[in-house]
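Data from my_file-v5.cif: mmCIF, C-alpha atoms (C1' of nucleotides)
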data_query
loop_
_atom_site.label_atom_id
_atom_site.label_comp_id
_atom_site.auth_asym_id
_atom_site.auth_seq_id
_atom_site.Cartn_x
_atom_site.Cartn_y
_atom_site.Cartn_z
CA MET K 1214 7.17 -6.28 -20.70
CA LEU K 1215 10.21 -5.73 -18.56
CA GLU K 1216 9.45 -8.82 -16.53
CA VAL K 1217 10.13 -10.91 -19.64
CA PHE K 1218 13.61 -9.46 -19.68
CA ARG K 1219 14.01 -10.02 -15.97
CA ASP K 1220 12.98 -13.67 -16.35
CA TYR K 1221 15.37 -14.04 -19.23
CA ILE K 1222 18.28 -12.69 -17.21
CA ASN K 1223 17.34 -14.83 -14.24
CA SER K 1224 17.32 -17.92 -16.38
CA LYS K 1225 20.93 -17.26 -17.38
CA THR K 1226 22.53 -15.72 -14.33
CA SER K 1227 21.59 -13.97 -11.16
CA ILE K 1228 21.68 -10.26 -10.54
CA THR K 1229 20.47 -8.09 -7.68
CA ASP K 1230 17.26 -6.12 -7.75
CA ALA K 1231 19.33 -2.96 -7.62
CA ALA K 1232 21.28 -4.03 -10.69
CA PHE K 1233 18.07 -4.76 -12.54
CA GLU K 1234 16.75 -1.34 -11.64
CA VAL K 1235 19.82 0.17 -13.30
CA ILE K 1236 19.29 -1.94 -16.41
CA LYS K 1237 15.58 -1.20 -16.47
CA SER K 1238 16.18 2.52 -16.33
CA LEU K 1239 18.26 2.31 -19.50
CA CYS K 1240 15.77 0.25 -21.53
CA ILE K 1241 13.59 1.86 -24.15
CA VAL K 1242 10.37 -0.01 -24.84
CA LYS K 1243 9.59 -0.16 -28.54
CA LYS K 1244 6.42 -1.54 -30.03
CA LEU K 1245 6.24 -2.56 -33.65
CA ARG K 1246 3.22 -3.46 -35.68
CA LYS K 1247 3.43 -6.29 -38.19
CA LYS K 1248 5.39 -5.18 -41.30
CA GLN K 1249 6.89 -2.18 -39.52
CA TYR K 1250 10.63 -1.60 -39.81
CA LEU K 1251 12.92 -1.63 -36.83
CA LEU K 1252 15.81 -0.70 -39.09
CA GLN K 1253 16.26 0.05 -42.76
CA GLU K 1254 19.32 -0.25 -44.90
CA GLY K 1255 21.18 3.04 -44.78
CA ASP K 1256 19.95 4.05 -41.33
CA THR K 1257 22.38 4.38 -38.49
CA TRP K 1258 21.93 1.84 -35.76
CA LYS K 1259 22.90 2.33 -32.15
CA TYR K 1260 21.05 -0.30 -30.15
CA HIS K 1261 21.02 -3.74 -28.74
CA ALA K 1262 17.48 -4.99 -29.20
CA PHE K 1263 15.92 -7.65 -27.00
CA ILE K 1264 12.62 -9.16 -28.07
CA CYS K 1265 9.99 -9.52 -25.34
CA LYS K 1266 7.25 -10.55 -27.70
CA GLY K 1267 6.84 -11.10 -31.40
CA CYS K 1268 8.97 -12.12 -34.33
CA LEU K 1269 11.36 -10.20 -36.57
CA ARG K 1270 13.52 -10.91 -39.52
CA ALA K 1271 16.75 -9.38 -40.77
CA TYR K 1272 17.46 -9.35 -44.47
CA ARG K 1273 19.44 -7.69 -47.21
CA ILE K 1274 18.31 -6.79 -50.69
CA ASP K 1275 20.48 -7.57 -53.68
CA ASP K 1276 20.95 -5.66 -56.96
CA LYS K 1277 17.97 -7.41 -58.51
CA GLY K 1278 15.74 -6.41 -55.61
CA VAL K 1279 15.58 -9.88 -54.11
CA GLU K 1280 15.43 -10.19 -50.31
CA HIS K 1281 17.83 -12.55 -48.55
CA THR K 1282 16.84 -13.36 -45.00
CA THR K 1283 19.85 -13.81 -42.75
CA LYS K 1284 18.21 -14.15 -39.38
CA PHE K 1285 14.90 -14.63 -37.60
CA ALA K 1286 14.44 -13.57 -34.02
CA ILE K 1287 11.66 -14.25 -31.54
CA GLU K 1288 10.97 -13.75 -27.84
CA ASN K 1289 14.06 -13.97 -25.66
CA HIS K 1290 16.43 -13.35 -28.50
CA TRP K 1291 18.46 -10.37 -29.57
CA THR K 1292 18.58 -8.67 -32.91
CA GLY K 1293 20.19 -5.71 -34.62
CA ASP K 1294 22.91 -4.93 -37.12
CA ARG K 1295 26.12 -5.68 -35.30
CA ALA K 1296 28.36 -4.53 -38.13
CA ALA K 1297 26.69 -1.13 -38.23
CA LEU K 1298 26.68 -0.86 -34.45
CA LEU K 1299 30.41 -1.51 -34.18
CA SER K 1300 31.53 0.53 -37.14
CA GLY K 1301 29.09 3.41 -36.99
CA GLU K 1302 28.51 2.97 -40.73
CA PRO K 1303 25.02 2.95 -42.24
CA ALA K 1304 23.21 -0.33 -41.78
CA SER K 1305 23.25 -2.85 -44.59
CA TYR K 1306 20.42 -4.89 -43.12
CA ASN K 1307 16.71 -4.32 -42.99
CA ILE K 1308 14.91 -5.58 -39.94
CA ASP K 1309 11.14 -5.69 -39.78
CA ALA K 1310 8.40 -7.23 -37.72
CA ILE K 1311 6.69 -10.39 -38.94
CA GLU K 1312 4.19 -10.07 -36.08
CA ASP K 1313 3.19 -7.27 -33.75
CA SER K 1314 6.17 -7.13 -31.43
CA VAL K 1315 7.53 -5.54 -28.30
CA LEU K 1316 11.24 -4.90 -27.95
CA LEU K 1317 13.60 -3.39 -25.47
CA LEU K 1318 16.25 -1.15 -26.96
CA ILE K 1319 19.46 -0.32 -25.13
CA THR K 1320 21.91 2.08 -26.71
CA ASN K 1321 25.38 0.68 -27.15
CA GLU K 1322 26.74 3.28 -24.74
CA ASN K 1323 24.31 2.28 -22.04
CA PHE K 1324 24.92 -1.34 -22.85
CA ILE K 1325 28.62 -0.89 -22.18
CA THR K 1326 27.82 0.93 -18.97
CA ILE K 1327 25.66 -1.96 -17.82
CA CYS K 1328 28.38 -4.47 -18.68
CA LYS K 1329 30.85 -2.51 -16.59
CA GLU K 1330 28.57 -2.05 -13.64
CA VAL K 1331 26.97 -5.48 -13.60
CA PRO K 1332 29.65 -8.13 -14.09
CA ALA K 1333 27.11 -10.95 -14.16
CA PHE K 1334 25.36 -9.23 -17.05
CA ASN K 1335 28.65 -8.84 -18.82
CA GLU K 1336 29.39 -12.53 -18.42
CA MET K 1337 25.97 -13.44 -19.67
CA ILE K 1338 26.41 -11.32 -22.78
CA ASN K 1339 29.80 -12.82 -23.39
CA THR K 1340 28.39 -16.31 -23.21
CA ILE K 1341 25.60 -15.36 -25.60
CA LEU K 1342 28.08 -13.86 -28.04
CA ASN K 1343 30.16 -17.00 -27.96
CA LYS K 1344 27.17 -19.23 -28.47
CA SER K 1345 25.90 -17.14 -31.35
CA PHE K 1346 29.35 -17.30 -32.83
CA VAL K 1347 29.26 -21.08 -32.76
CA ALA K 1348 25.72 -21.08 -34.13
CA ASN K 1349 26.91 -18.98 -37.06
CA GLU K 1350 29.79 -21.35 -37.70
CA ASN K 1351 27.31 -24.20 -37.79
CA ARG K 1352 25.11 -22.34 -40.19
CA ILE K 1353 28.06 -21.73 -42.51
CA HIS K 1354 28.91 -25.38 -42.33
CA ALA K 1355 25.35 -26.34 -43.11
CA ALA K 1356 25.11 -23.96 -46.05
CA ILE K 1357 28.20 -25.31 -47.79
CA SER K 1358 27.69 -28.97 -46.87
CA TYR K 1359 24.08 -29.97 -47.10
CA SER K 1360 21.48 -30.11 -49.83
CA ALA K 1361 18.53 -27.74 -49.87
CA GLU K 1362 16.30 -30.49 -48.56
CA GLU K 1363 18.64 -31.45 -45.72
CA ASN K 1364 18.93 -27.82 -44.69
CA TYR K 1365 15.18 -27.47 -44.67
CA GLN K 1366 14.67 -30.58 -42.58
CA ASN K 1367 17.34 -29.45 -40.14
CA PHE K 1368 15.70 -26.07 -39.88
CA LEU K 1369 12.36 -27.68 -39.07
CA ARG K 1370 14.02 -29.88 -36.49
CA ASN K 1371 16.17 -27.21 -34.84
CA SER K 1372 13.80 -24.26 -35.00
CA PRO K 1373 10.22 -25.52 -35.04
CA ASP K 1374 9.23 -22.48 -32.97
CA ILE K 1375 10.34 -20.24 -35.81
CA ALA K 1376 9.35 -22.48 -38.70
CA ASN K 1377 5.75 -22.49 -37.51
CA ARG K 1378 5.22 -18.77 -37.43
CA VAL K 1379 7.08 -17.54 -40.46
CA PRO K 1380 5.82 -17.51 -44.05
CA GLN K 1381 7.29 -20.16 -46.24
CA HIS K 1382 8.84 -17.84 -48.78
CA MET K 1383 10.91 -16.27 -46.01
CA ILE K 1384 12.17 -19.68 -44.98
CA ALA K 1385 13.14 -20.27 -48.60
CA SER K 1386 15.00 -16.98 -48.58
CA TYR K 1387 16.69 -17.95 -45.31
CA LEU K 1388 17.82 -21.23 -46.84
CA GLY K 1389 19.01 -19.56 -50.01
CA ILE K 1390 16.55 -21.24 -52.36
CA SER K 1391 13.57 -20.00 -54.36
CA PRO K 1392 10.05 -20.27 -52.89
CA GLU K 1393 9.08 -22.62 -55.72
CA THR K 1394 11.91 -24.97 -54.91
CA LEU K 1395 10.95 -25.06 -51.25
CA SER K 1396 7.35 -25.79 -52.21
CA ARG K 1397 8.48 -28.73 -54.34
CA ILE K 1398 10.78 -30.06 -51.63
CA ARG K 1399 7.87 -30.08 -49.21
CA ASN K 1400 5.66 -31.71 -51.75
CA GLN K 1401 8.10 -34.52 -52.42
CA ALA K 1402 8.80 -35.09 -48.75
CA ALA K 1403 5.05 -35.40 -48.16
CA LYS K 1404 4.74 -37.93 -50.98
CA ARG K 1405 7.55 -40.06 -49.57
CA GLN K 1406 5.80 -39.97 -46.22
CA SER K 1407 2.69 -41.65 -47.55
CA MET P 365 58.42 -16.74 -33.33
CA LEU P 366 57.16 -14.90 -30.30
CA GLU P 367 58.11 -11.58 -31.84
CA VAL P 368 55.46 -12.19 -34.51
CA PHE P 369 52.90 -12.35 -31.73
CA ARG P 370 54.34 -9.29 -30.06
CA ASP P 371 54.14 -7.35 -33.34
CA TYR P 372 50.59 -8.54 -33.81
CA ILE P 373 49.56 -7.33 -30.39
CA ASN P 374 51.36 -4.03 -30.86
CA SER P 375 49.52 -3.47 -34.11
CA LYS P 376 46.19 -3.75 -32.30
CA THR P 377 46.78 -2.27 -28.88
CA SER P 378 49.62 -1.45 -26.55
CA ILE P 379 50.75 -3.50 -23.60
CA THR P 380 53.72 -3.25 -21.28
CA ASP P 381 56.81 -5.42 -21.58
CA ALA P 382 55.92 -6.96 -18.26
CA ALA P 383 52.47 -7.91 -19.52
CA PHE P 384 53.98 -9.47 -22.60
CA GLU P 385 56.35 -11.47 -20.44
CA VAL P 386 53.34 -12.91 -18.65
CA ILE P 387 51.68 -13.79 -21.93
CA LYS P 388 54.88 -15.22 -23.34
CA SER P 389 55.34 -17.48 -20.35
CA LEU P 390 51.95 -19.05 -21.03
CA CYS P 391 52.48 -19.69 -24.75
CA ILE P 392 53.31 -23.12 -26.05
CA VAL P 393 55.16 -23.11 -29.34
CA LYS P 394 53.87 -25.78 -31.69
CA LYS P 395 55.38 -26.65 -35.04
CA LEU P 396 53.42 -28.53 -37.65
CA ARG P 397 54.65 -30.04 -40.83
CA LYS P 398 52.51 -29.84 -43.93
CA LYS P 399 49.58 -32.30 -43.71
CA GLN P 400 49.97 -32.74 -39.97
CA TYR P 401 46.88 -32.41 -37.80
CA LEU P 402 46.50 -29.77 -35.16
CA LEU P 403 43.20 -31.30 -34.19
CA GLN P 404 41.11 -34.25 -35.26
CA GLU P 405 37.42 -34.82 -34.96
CA GLY P 406 36.74 -36.52 -31.65
CA ASP P 407 39.76 -35.06 -29.85
CA THR P 408 39.30 -32.72 -26.97
CA TRP P 409 40.48 -29.21 -27.62
CA LYS P 410 41.63 -26.79 -24.98
CA TYR P 411 43.55 -24.07 -26.76
CA HIS P 412 43.48 -20.77 -28.47
CA ALA P 413 45.90 -21.10 -31.38
CA PHE P 414 47.68 -18.14 -32.92
CA ILE P 415 49.48 -18.66 -36.22
CA CYS P 416 52.96 -17.14 -36.44
CA LYS P 417 53.76 -18.75 -39.75
CA GLY P 418 52.07 -21.06 -42.19
CA CYS P 419 48.57 -21.90 -43.26
CA LEU P 420 45.90 -24.18 -41.83
CA ARG P 421 42.43 -25.26 -42.69
CA ALA P 422 39.49 -26.38 -40.60
CA TYR P 423 37.01 -28.81 -42.07
CA ARG P 424 34.38 -31.37 -41.27
CA ILE P 425 33.74 -34.68 -42.96
CA ASP P 426 30.22 -35.73 -43.90
CA ASP P 427 28.60 -39.17 -43.96
CA LYS P 428 29.85 -39.77 -47.49
CA GLY P 429 33.40 -38.99 -46.48
CA VAL P 430 33.49 -35.63 -48.23
CA GLU P 431 35.48 -32.82 -46.61
CA HIS P 432 33.85 -29.41 -46.16
CA THR P 433 36.29 -26.62 -45.45
CA THR P 434 34.87 -24.03 -43.11
CA LYS P 435 37.87 -21.84 -42.50
CA PHE P 436 41.40 -21.05 -43.63
CA ALA P 437 43.87 -19.39 -41.33
CA ILE P 438 47.27 -17.87 -42.01
CA GLU P 439 49.86 -15.78 -40.16
CA ASN P 440 48.39 -13.38 -37.65
CA HIS P 441 45.11 -15.21 -37.41
CA TRP P 442 43.63 -17.49 -34.81
CA THR P 443 42.21 -20.93 -35.24
CA GLY P 444 40.70 -23.74 -33.19
CA ASP P 445 37.36 -25.35 -32.51
CA ARG P 446 35.47 -22.81 -30.48
CA ALA P 447 32.44 -25.03 -29.94
CA ALA P 448 34.57 -27.80 -28.47
CA LEU P 449 36.57 -25.35 -26.40
CA LEU P 450 33.50 -23.83 -24.82
CA SER P 451 31.52 -27.00 -24.29
CA GLY P 452 34.30 -29.43 -23.45
CA GLU P 453 32.75 -31.87 -25.91
CA PRO P 454 34.85 -33.74 -28.47
CA ALA P 455 35.80 -31.64 -31.47
CA SER P 456 33.72 -31.89 -34.62
CA TYR P 457 36.33 -30.18 -36.75
CA ASN P 458 39.58 -31.36 -38.19
CA ILE P 459 42.33 -28.81 -38.49
CA ASP P 460 45.49 -29.53 -40.39
CA ALA P 461 48.44 -27.69 -41.84
CA ILE P 462 48.49 -26.83 -45.53
CA GLU P 463 52.07 -25.64 -45.17
CA ASP P 464 54.76 -26.16 -42.55
CA SER P 465 53.53 -23.91 -39.77
CA VAL P 466 54.41 -22.48 -36.40
CA LEU P 467 51.69 -21.76 -33.88
CA LEU P 468 51.38 -20.50 -30.36
CA LEU P 469 48.95 -22.41 -28.19
CA ILE P 470 47.45 -20.92 -25.07
CA THR P 471 45.19 -23.05 -22.92
CA ASN P 472 41.78 -21.58 -22.35
CA GLU P 473 42.50 -21.32 -18.62
CA ASN P 474 45.65 -19.35 -19.21
CA PHE P 475 43.87 -17.33 -21.84
CA ILE P 476 41.27 -16.28 -19.31
CA THR P 477 44.02 -15.46 -16.84
CA ILE P 478 45.69 -13.22 -19.39
CA CYS P 479 42.41 -11.49 -20.18
CA LYS P 480 41.92 -10.74 -16.51
CA GLU P 481 45.42 -9.52 -15.87
CA VAL P 482 45.95 -7.59 -19.08
CA PRO P 483 42.86 -5.51 -19.82
CA ALA P 484 44.23 -4.27 -23.12
CA PHE P 485 44.61 -7.86 -24.24
CA ASN P 486 41.07 -8.58 -23.18
CA GLU P 487 39.79 -5.63 -25.18
CA MET P 488 41.76 -6.71 -28.19
CA ILE P 489 40.31 -10.20 -28.04
CA ASN P 490 36.84 -8.81 -27.67
CA THR P 491 37.27 -6.67 -30.73
CA ILE P 492 38.56 -9.65 -32.69
CA LEU P 493 35.63 -11.77 -31.60
CA ASN P 494 33.20 -9.10 -32.69
CA LYS P 495 34.87 -8.66 -36.05
CA SER P 496 34.94 -12.39 -36.66
CA PHE P 497 31.29 -12.48 -35.75
CA VAL P 498 30.51 -9.91 -38.39
CA ALA P 499 32.72 -11.71 -40.89
CA ASN P 500 30.74 -14.88 -40.27
CA GLU P 501 27.47 -13.04 -40.78
CA ASN P 502 28.78 -11.78 -44.08
CA ARG P 503 29.80 -15.23 -45.10
CA ILE P 504 26.33 -16.55 -44.33
CA HIS P 505 24.84 -13.78 -46.37
CA ALA P 506 27.16 -14.51 -49.26
CA ALA P 507 26.41 -18.22 -49.16
CA ILE P 508 22.66 -17.79 -49.42
CA SER P 509 22.68 -14.79 -51.76
CA TYR P 510 25.31 -15.15 -54.42
CA SER P 511 26.03 -17.57 -57.22
CA ALA P 512 29.00 -19.92 -57.10
CA GLU P 513 30.86 -17.68 -59.51
CA GLU P 514 30.16 -14.50 -57.55
CA ASN P 515 31.31 -16.16 -54.35
CA TYR P 516 34.49 -17.28 -56.01
CA GLN P 517 35.25 -13.83 -57.41
CA ASN P 518 34.56 -12.26 -54.03
CA PHE P 519 36.84 -14.75 -52.37
CA LEU P 520 39.64 -13.90 -54.80
CA ARG P 521 39.06 -10.22 -54.20
CA ASN P 522 38.77 -10.36 -50.41
CA SER P 523 41.33 -13.03 -49.64
CA PRO P 524 43.97 -13.07 -52.36
CA ASP P 525 46.57 -13.91 -49.72
CA ILE P 526 44.73 -17.15 -49.00
CA ALA P 527 43.52 -17.88 -52.52
CA ASN P 528 47.11 -17.92 -53.78
CA ARG P 529 48.48 -20.48 -51.41
CA VAL P 530 45.68 -22.99 -51.10
CA PRO P 531 44.87 -25.83 -53.52
CA GLN P 532 41.90 -25.21 -55.72
CA HIS P 533 39.85 -28.16 -54.53
CA MET P 534 39.96 -26.78 -51.01
CA ILE P 535 38.65 -23.46 -52.25
CA ALA P 536 35.84 -25.35 -53.96
CA SER P 537 35.10 -27.10 -50.70
CA TYR P 538 35.16 -23.76 -48.87
CA LEU P 539 32.68 -22.33 -51.37
CA GLY P 540 30.44 -25.36 -51.16
CA ILE P 541 30.87 -26.48 -54.77
CA SER P 542 32.58 -29.43 -56.41
CA PRO P 543 36.18 -29.11 -57.66
CA GLU P 544 34.96 -29.72 -61.20
CA THR P 545 32.52 -26.86 -61.01
CA LEU P 546 35.20 -24.49 -59.77
CA SER P 547 37.49 -25.57 -62.57
CA ARG P 548 34.77 -24.82 -65.10
CA ILE P 549 33.97 -21.46 -63.54
CA ARG P 550 37.60 -20.45 -63.83
CA ASN P 551 37.72 -21.68 -67.36
CA GLN P 552 34.71 -19.67 -68.43
CA ALA P 553 35.90 -16.55 -66.65
CA ALA P 554 39.21 -16.84 -68.48
CA LYS P 555 37.43 -17.20 -71.81
CA ARG P 556 35.34 -14.10 -71.16
CA GLN P 557 38.52 -12.25 -70.36
CA SER P 558 40.01 -12.80 -73.81
"C1'" DC J 286 62.10 -40.62 -62.82
"C1'" DG J 287 57.92 -42.60 -60.82
"C1'" DA J 288 54.13 -41.98 -57.83
"C1'" DT J 289 50.86 -39.33 -56.05
"C1'" DT J 290 47.99 -35.54 -55.92
"C1'" DC J 291 45.62 -31.95 -58.32
"C1'" DT J 292 43.21 -30.08 -62.24
"C1'" DT J 293 40.78 -30.32 -66.42
"C1'" DT J 294 37.40 -32.12 -69.67
"C1'" DG J 295 33.34 -34.68 -71.43
"C1'" DA J 296 28.75 -36.58 -71.25
"C1'" DA J 297 24.71 -37.75 -68.76
"C1'" DA J 298 21.68 -37.10 -64.98
"C1'" DA J 299 19.95 -34.59 -61.09
"C1'" DC J 300 18.83 -30.33 -59.28
"C1'" DA J 301 17.33 -25.55 -58.93
"C1'" DG J 302 15.75 -21.27 -61.07
"C1'" DT J 303 12.45 -18.59 -63.88
"C1'" DC J 304 8.15 -17.27 -65.65
"C1'" DA J 305 3.42 -17.64 -65.91
"C1'" DA J 306 -0.87 -19.48 -64.45
"C1'" DT J 307 -3.75 -21.25 -61.00
"C1'" DC J 308 -5.22 -22.21 -56.37
"C1'" DT J 309 -5.87 -21.05 -51.42
"C1'" DG J 310 -6.64 -18.60 -47.52
"C1'" DT J 311 -7.00 -14.15 -45.11
"C1'" DG J 312 -8.64 -9.98 -44.14
"C1'" DT J 313 -10.64 -5.58 -45.23
"C1'" DG J 314 -13.89 -2.31 -46.93
"C1'" DG J 315 -18.32 -1.67 -48.57
"C1'" DC F 1337 -21.45 -10.45 -43.56
"C1'" DC F 1338 -20.22 -10.99 -48.06
"C1'" DA F 1339 -17.32 -10.22 -51.92
"C1'" DC F 1340 -13.37 -8.93 -53.55
"C1'" DA F 1341 -8.58 -8.02 -53.42
"C1'" DC F 1342 -4.26 -9.51 -52.14
"C1'" DA F 1343 -0.52 -12.05 -50.51
"C1'" DG F 1344 1.21 -16.51 -50.34
"C1'" DA F 1345 1.63 -21.29 -52.06
"C1'" DT F 1346 1.52 -24.56 -55.66
"C1'" DT F 1347 2.10 -26.47 -60.30
"C1'" DG F 1348 3.80 -26.97 -65.09
"C1'" DA F 1349 7.01 -26.27 -68.76
"C1'" DC F 1350 11.30 -24.76 -69.78
"C1'" DT F 1351 16.07 -23.25 -69.13
"C1'" DG F 1352 20.22 -23.08 -66.90
"C1'" DT F 1353 23.44 -24.72 -63.47
"C1'" DT F 1354 25.75 -28.17 -60.73
"C1'" DT F 1355 26.86 -32.84 -59.70
"C1'" DT F 1356 28.56 -37.23 -60.77
"C1'" DC F 1357 31.48 -40.49 -62.81
"C1'" DA F 1358 35.17 -41.60 -65.60
"C1'" DA F 1359 39.23 -40.60 -67.92
"C1'" DA F 1360 43.04 -37.91 -69.33
"C1'" DG F 1361 46.48 -34.13 -68.50
"C1'" DA F 1362 49.45 -31.24 -65.44
"C1'" DA F 1363 52.12 -30.44 -61.55
"C1'" DT F 1364 54.63 -31.62 -57.49
"C1'" DC F 1365 57.44 -34.26 -54.41
"C1'" DG F 1366 60.42 -37.56 -52.82
#

Encoded form (structure tokens):
Amino acid sequence: MLEVFRDYINSKTSITDAAFEVIKSLCIVKKLRKKQYLLQEGDTWKYHAFICKGCLRAYRIDDKGVEHTTKFAIENHWTGDRAALLSGEPASYNIDAIEDSVLLLITNENFITICKEVPAFNEMINTILNKSFVANENRIHAAISYSAEENYQNFLRNSPDIANRVPQHMIASYLGISPETLSRIRNQAAKRQS
Amino acid sequence: MLEVFRDYINSKTSITDAAFEVIKSLCIVKKLRKKQYLLQEGDTWKYHAFICKGCLRAYRIDDKGVEHTTKFAIENHWTGDRAALLSGEPASYNIDAIEDSVLLLITNENFITICKEVPAFNEMINTILNKSFVANENRIHAAISYSAEENYQNFLRNSPDIANRVPQHMIASYLGISPETLSRIRNQAAKRQS
DNA sequence: CGATTCTTTGAAAACAGTCAATCTGTGTGG
DNA sequence: CCACACAGATTGACTGTTTTCAAAGAATCG
């Protein structure tokens, strides 16, 4: 599975074989079966996790026991609990596998080492962080500005790769609406279509 | 106003006087009167903006002409349109002053220069970026998980310094609800109190 | 003071949530 | 391989919340 990571890096920047060997030596391969946890609320979390294969979701559970999905992640994306990683505090997110998945884990320490030793990697990570930052700003804007239906349509348009492999009630949770409401939105949209 | 920036930096890290002189020489002081724009949708945006004094808001305008506030910023915070800065594309945000304000602008080029020449500054900025990232994740979580009232109470609790100096209809816009709804929420909360 | 902007209030309509029942598809164990 | 169990999706009836529009009251600023 390491070649997926290599391809990913190559698509963003260029590093030497030697540099990749260093990176490779610090990667932990982690396989997850569907429904297995990568991280549970309360655990400590020390990794950067790159997804070679599969699909995961991150969510939090409120007082009433309801799950709120904050993030989906598929091949060639990163996941984890950044707040917990930076602060050292127990995680507030749960992350589990929606499909059988293969990840690469890199401890934060090793990650920092790589960034120091491989400037191109560091740059790449910086660019990713900035882009994710902007993506989050857009998501905030969407959440406060658009109707449930608009948000759903935008999600379908912008993330068809995710929308197609994730159960509907998780999409509802990601959009901040109830599964019933999402079902009705779809129903009405289909009616209008015909 | 540069001493505000110096104090800010000192509170986060430590840099030499010489380093600060370099930084200082690259800062543009910008004063804004209340209601004046720092940035309008469609403009190009090339700066990192640090607020020495005052209060600004960033917002976008939808098809119906409604403003959606995505961010407030006061003394010792940064503002700008990161997406436009990184991509070079025209800005999609408007940023204007809610109070008479004084900012320091640093062009992205100069900013990068500073980061290279003053490692402590670079580290500081990195930490800020990471913390803002986490703050944005929390805001996303709040938006999809909590009721309008809960979000309002949390906003009051977490940002009293902002809540006290910003008109109510902008808070409503920041929370993604109508001004009337916010007024009613406040009203009901007050009733419960007595 | 007058003008503008901001907030509040009311009533109706649109929207979303809840609860419970039914329907559908999938997969697993017998 | 079938039947059954289970998770997920849909539907209906009802309740509660939020928006919209319009109008009236405060507050603020020049």

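Evaluated on this file, the PyMOL selection byres ((chain K) within 6 of (chain P)) matches K:Ala1296, K:Phe1346, K:Val1347, K:Ile1353, K:Ile1357, K:Gly1389.
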
- request: Mind checking which residues fall within 10 Å of Arg529 of chain P, counting all atoms listed in the file, ignoring those fewer than 5 positions away in the same chain, and posting them as a PyMOL selection string?
  value: chain P and resi 418-419+438+462-463+524

Selection near Ala1310 of chain K, 9 Å with all atoms listed in the file, sequence-local residues under 4 positions removed, as a PyMOL selection string: chain K and resi 1245-1251+1267-1270+1314

Taking a cut-off of 12 Å and counting all atoms listed in the file, can you build a table that, for each residue of chain F near chain K, reports the nearest atom pair and how far apart they are in Å (one decimal), sorted by chain then residue number, as CSV?
residue,atom,partner,partner_atom,distance
F:DA1343,C1',K:Pro1380,CA,10.6
F:DG1344,C1',K:Pro1380,CA,7.9
F:DA1345,C1',K:Ser1396,CA,7.3
F:DT1346,C1',K:Ser1396,CA,6.9
F:DT1347,C1',K:Arg1397,CA,9.0
F:DG1348,C1',K:Glu1393,CA,11.6
F:DT1354,C1',K:Ser1360,CA,11.9
F:DT1355,C1',K:Ser1360,CA,11.6

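This file gives the following result for the PyMOL selection byres ((chain J) within 12 of (chain K)): DC300, DA301, DG302, DT303 and DC304 of chain J.
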
message: Going by the chain IDs and residue numbers used in this file, which residues fall under the PyMOL selection byres ((chain K and resi 1324) around 10)? Write them as an MDAnalysis selection string.
response: chainID K and resid 1236 1239:1240 1260:1261 1318:1323 1325:1330 1334:1335

query: Separation of atom CA of Cys416 of chain P and atom CA of Lys388 of chain P, in Å?
result: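 So the two atoms, atom CA of Cys416 of chain P and atom CA of Lys388 of chain P, lie 13.4 Å apart.
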
- request: For atom CA of Thr1226 of chain K and atom CA of Ala1333 of chain K, determine how far apart the two atoms are, in Å to one decimal place.
  value: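 Going from atom CA of Thr1226 of chain K over to atom CA of Ala1333 of chain K, I get 6.6 Å.
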
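Straight-line separation from atom CA of Ala1231 of chain K to atom CA of Leu1298 of chain K: 27.9 Å.
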
Protein and nucleic acid residues near (42.5, -13.5, -56.2) (cut-off 12 Å, all atoms listed in the file) as a PyMOL selection string: chain P and resi 515-530+532+535+550

Can those selected residues be exported to a file as a compact mmCIF listing (two decimals), in the frame of the given file so that it contains C-alpha atoms?
# COMPACT_ATOMS: atom_id res chain seq x y z
CA ASN P 515 31.31 -16.16 -54.35
CA TYR P 516 34.49 -17.28 -56.01
CA GLN P 517 35.25 -13.83 -57.41
CA ASN P 518 34.56 -12.26 -54.03
CA PHE P 519 36.84 -14.75 -52.37
CA LEU P 520 39.64 -13.90 -54.80
CA ARG P 521 39.06 -10.22 -54.20
CA ASN P 522 38.77 -10.36 -50.41
CA SER P 523 41.33 -13.03 -49.64
CA PRO P 524 43.97 -13.07 -52.36
CA ASP P 525 46.57 -13.91 -49.72
CA ILE P 526 44.73 -17.15 -49.00
CA ALA P 527 43.52 -17.88 -52.52
CA ASN P 528 47.11 -17.92 -53.78
CA ARG P 529 48.48 -20.48 -51.41
CA VAL P 530 45.68 -22.99 -51.10
CA GLN P 532 41.90 -25.21 -55.72
CA ILE P 535 38.65 -23.46 -52.25
CA ARG P 550 37.60 -20.45 -63.83

- request: Tell me which of J:DA297, J:DG314, J:DT292, J:DT309 sits closest to DA1363 of chain F, counting only C-alpha atoms (C1' of nucleotides).
  value: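 Nearest to DA1363 of chain F: J:DT292.
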
- prompt: Pick the closest to DT1353 of chain F from P:Val482, P:Ile549, P:Ala422, P:Val386: which is it, counting all atoms listed in the file?
  reply: P:Ile549
